[in-house]
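Below is one structure, written out as structure tokens; comments come after it.
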Amino acid sequence: MRPADNALGKARPHFGYTAAPGAVISDELLVTNHERRALTFRVYAADAFTTSSGQLDLLPEGTPSEHVGTWVSFGQGEVTVQAGQTVPVPFTVSVSTTATPSDHSGGVVTSLGVADASSGITVDRRLGSRVHVRVGGALAPSLEVRDLTVDYAGSANPVGAGSAKVSYTVVNTGNTRLTATQSVRVEGPFGWLGADAEAAALPELLPGESATREAVASVLPSGRITAAVTLVSMVPGGAALEPVVGTGDVLAIPWAAVVSLLLRRSGCGRGRVGRVRSAGSRRPSTPR
């Protein structure tokens, strides 16, 4: 399945529109059957969401949608495509009159139920194509770093580095889709003994969505260490926005070195006491 070539665009990777509240857009989806028999597909629309693995997915059939999934309508709920043929499937996007200025995301879906004889169940094979609708108005792209915490685990080596684990959540608090690059830096006082950490790449975040990440840096214990997460976001197809920084800190004490020093001092103290007692046990010399 793919978008048809028409006045709205050619060789489109997905469906994308800019429209005002109340606008009505007519478009077509092309469905191709590569098998040697006729197939009948269900067709419907659904809202989009980002999965925990960072992939854009669509709500399953029967799950209520609130935006694009309710704006898209097909003339019929099924389409039959003969073997080796391609059929255009028209649909209409009726933007809600109360739609707020924002990026609204969803998709159109073809669904084919395939019976699995070995298990006795029917597998739902779905193919989807994204539908992004930007409702005109004041757009305010914005990302935030929230709930940033730093945990430090020292090393058994008194002079060795420990691990600083940085955990944080990136939240799209604006009204546009956003992609972002990130960098994580952990430093001691005055920027000393710094180290970089890597976290899994961020997915494209829809308005109101979030992604939680962790990054680990190897750093020497230097008292209080500070972690900084820097985000550089971008509206798809637009210019980069001003960087956003979130920070957090934790006390990193070289406990192995402290314990080693206390043990050494304790050992030295016992040695001095022993020598005093030994001197006190000597017999006084007899004057001749």
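How things are named: the first chain in the structure tokens is A, the next is B, and so on; residues count from 1 in each chain; ligands count from 1 in the order shown.
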*Near-region 88-92 of chain A list (10 Å; only C-alpha atoms; drop same-chain fewer than 5 positions) as a VMD selection string*: chain A and resid 1 to 4 24 to 32 43 to 45 71 to 76 78 to 79 81 108
Produce a table with one row for each residue of region 62-119 of chain A that has an atom at most 8 Å from any atom of region 135-142 of chain A, each row naming the nearest atom pair and its distance in Å at one decimal; use only C-alpha atoms; arrange rows by chain and rising residue number; format as a Markdown table.
```
| residue | atom | partner | partner_atom | distance |
| --- | --- | --- | --- | --- |
| A:Ala99 | CA | A:Val135 | CA | 7.1 |
| A:Thr100 | CA | A:Val135 | CA | 6.7 |
| A:Pro101 | CA | A:Val135 | CA | 4.8 |
| A:Ser102 | CA | A:Val135 | CA | 5.4 |
| A:Asp103 | CA | A:Val135 | CA | 6.4 |
| A:His104 | CA | A:Val135 | CA | 7.5 |
```
*asked:* I need the residue nearest Gly69 (chain A) from this list: A:Arg125, A:Arg12, A:Arg213, A:His132. Use only C-alpha atoms for the distance.
replied: A:His132
*Determine, counting only C-alpha atoms, which protein, DNA and RNA residues have an atom within 8 Å of an atom of Gly194 (chain A); residues of the same chain fewer than 4 positions away are not included. Present the result as a PyMOL selection string.*
chain A and resi 185-188+219
*Identify which of the residues A:Asn33, A:Ser119, A:Thr98, A:Thr51 lies closest to Thr80 (chain A), counting only C-alpha atoms when measuring atom-to-atom distances.*
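Result for the nearest residue to Thr80 (chain A): A:Asn33.
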*Rank nothing, just name the residue among A:Ala195, A:Val235, A:Ala227, A:Val150 nearest to Asn172 (chain A), using only C-alpha atoms.*
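Among A:Ala195, A:Val235, A:Ala227, A:Val150, it is A:Val235 that comes nearest to Asn172 (chain A).
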_Residue neighbourhood Thr212 (chain A), 9 Å, only C-alpha atoms, exclusion window fewer than 3 positions, as a list of chain:residue names_ = A:Ser52, A:Ser167, A:Tyr168, A:Thr169, A:Val170, A:Val171, A:Leu202
*From a DSSP pass on the backbone, collect the residues of region 44-285 of chain A flagged as helix (DSSP H, G or I) and hand them back as a count of residues only.*
33
*Run DSSP on the backbone of this structure and report the residues of region 132-202 of chain A it assigns to strand (DSSP E), as a ChimeraX atom specification.*
/A:132-135,143-153,162-172,179-187,195-197
Please save N, CA and C atoms of the selected residues as a CSV table (one decimal), in the first residue's frame.
```
chain,number,residue,atom,x,y,z
A,132,HIS,N,-0.1,12.5,8.6
A,132,HIS,CA,0.2,13.6,9.4
A,132,HIS,C,-0.6,14.8,9.0
A,133,VAL,N,-1.3,15.4,9.9
A,133,VAL,CA,-2.1,16.6,9.6
A,133,VAL,C,-1.6,17.7,10.5
A,134,ARG,N,-1.1,18.8,9.9
A,134,ARG,CA,-0.7,20.0,10.7
A,134,ARG,C,-1.8,21.0,10.6
A,135,VAL,N,-2.5,21.2,11.7
A,135,VAL,CA,-3.6,22.2,11.8
A,135,VAL,C,-2.9,23.6,12.0
A,143,LEU,N,10.7,20.9,23.9
A,143,LEU,CA,11.1,19.6,24.5
A,143,LEU,C,11.6,20.0,25.9
A,144,GLU,N,11.4,19.0,26.9
A,144,GLU,CA,11.9,19.2,28.3
A,144,GLU,C,12.6,17.9,28.7
A,145,VAL,N,13.6,18.1,29.6
A,145,VAL,CA,14.2,17.0,30.3
A,145,VAL,C,13.7,17.0,31.7
A,146,ARG,N,13.0,15.9,32.0
A,146,ARG,CA,12.4,15.8,33.3
A,146,ARG,C,12.9,14.5,34.1
A,147,ASP,N,12.8,14.6,35.4
A,147,ASP,CA,13.1,13.5,36.3
A,147,ASP,C,14.5,13.0,36.2
A,148,LEU,N,15.5,13.9,36.0
A,148,LEU,CA,16.9,13.5,35.8
A,148,LEU,C,17.4,13.1,37.2
A,149,THR,N,18.0,11.9,37.3
A,149,THR,CA,18.6,11.4,38.5
A,149,THR,C,20.0,10.9,38.2
A,150,VAL,N,20.9,10.9,39.1
A,150,VAL,CA,22.2,10.4,39.0
A,150,VAL,C,22.5,9.5,40.1
A,151,ASP,N,22.9,8.3,39.8
A,151,ASP,CA,23.3,7.3,40.9
A,151,ASP,C,24.8,6.9,40.6
A,152,TYR,N,25.6,6.9,41.7
A,152,TYR,CA,27.0,6.6,41.6
A,152,TYR,C,27.3,5.3,42.4
A,153,ALA,N,28.1,4.4,41.7
A,153,ALA,CA,28.5,3.2,42.3
A,153,ALA,C,30.0,3.1,42.2
A,162,GLY,N,34.5,4.9,39.2
A,162,GLY,CA,33.2,4.2,39.4
A,162,GLY,C,32.2,4.5,38.3
A,163,SER,N,31.0,4.1,38.4
A,163,SER,CA,30.0,4.2,37.4
A,163,SER,C,28.9,5.2,37.8
A,164,ALA,N,28.7,6.2,37.0
A,164,ALA,CA,27.6,7.2,37.2
A,164,ALA,C,26.5,6.9,36.2
A,165,LYS,N,25.3,6.4,36.7
A,165,LYS,CA,24.2,6.1,35.9
A,165,LYS,C,23.2,7.3,35.9
A,166,VAL,N,23.0,7.9,34.7
A,166,VAL,CA,22.1,9.0,34.5
A,166,VAL,C,20.8,8.5,33.9
A,167,SER,N,19.7,8.8,34.6
A,167,SER,CA,18.3,8.4,34.1
A,167,SER,C,17.5,9.7,33.9
A,168,TYR,N,16.7,9.8,32.9
A,168,TYR,CA,16.0,11.0,32.6
A,168,TYR,C,14.8,10.7,31.6
A,169,THR,N,13.9,11.6,31.5
A,169,THR,CA,12.8,11.4,30.6
A,169,THR,C,12.7,12.7,29.7
A,170,VAL,N,12.6,12.5,28.4
A,170,VAL,CA,12.4,13.6,27.5
A,170,VAL,C,11.0,13.7,27.1
A,171,VAL,N,10.4,14.9,27.3
A,171,VAL,CA,8.9,15.0,27.1
A,171,VAL,C,8.7,16.1,26.0
A,172,ASN,N,7.9,15.8,25.0
A,172,ASN,CA,7.5,16.8,24.0
A,172,ASN,C,6.3,17.6,24.6
A,179,THR,N,12.0,15.6,16.4
A,179,THR,CA,13.2,14.7,16.5
A,179,THR,C,14.2,15.4,17.3
A,180,ALA,N,15.2,14.7,17.9
A,180,ALA,CA,16.2,15.3,18.7
A,180,ALA,C,17.4,14.5,18.8
A,181,THR,N,18.6,15.1,18.8
A,181,THR,CA,19.8,14.5,19.2
A,181,THR,C,20.1,14.8,20.6
A,182,GLN,N,20.9,14.0,21.3
A,182,GLN,CA,21.2,14.2,22.7
A,182,GLN,C,22.6,13.9,23.0
A,183,SER,N,23.1,14.6,24.1
A,183,SER,CA,24.5,14.3,24.6
A,183,SER,C,24.4,14.3,26.1
A,184,VAL,N,25.2,13.4,26.7
A,184,VAL,CA,25.2,13.3,28.2
A,184,VAL,C,26.6,13.5,28.7
A,185,ARG,N,26.8,14.4,29.6
A,185,ARG,CA,28.2,14.7,30.1
A,185,ARG,C,28.1,14.6,31.6
A,186,VAL,N,29.1,14.0,32.2
A,186,VAL,CA,29.2,13.9,33.7
A,186,VAL,C,30.6,14.5,34.1
A,187,GLU,N,30.6,15.5,35.1
A,187,GLU,CA,31.8,16.2,35.4
A,187,GLU,C,31.9,16.3,36.9
A,195,ALA,N,33.5,13.1,31.7
A,195,ALA,CA,33.3,11.9,30.9
A,195,ALA,C,32.0,12.0,30.1
A,196,ASP,N,32.0,11.5,28.9
A,196,ASP,CA,30.7,11.4,28.1
A,196,ASP,C,30.1,10.1,28.3
A,197,ALA,N,28.8,10.0,28.1
A,197,ALA,CA,28.0,8.8,28.2
A,197,ALA,C,27.1,8.7,27.0
```
*For each of A:Leu178, A:Pro60, A:Val68, A:Leu8, take the minimum atom-to-atom distance to Gly238 (chain A), counting only C-alpha atoms, then give the residue where this is smallest.*
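Of A:Leu178, A:Pro60, A:Val68, A:Leu8, the one nearest Gly238 (chain A) is A:Leu178, counting only C-alpha atoms.
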_Near-Val232 (chain A) list (8 Å; only C-alpha atoms; drop same-chain fewer than 2 positions) as a list in words_ =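 That gives Ala180, Thr181, Gln182, Thr230, Met234, Ala240, Leu241, Glu242, Pro243 and Val244 of chain A.
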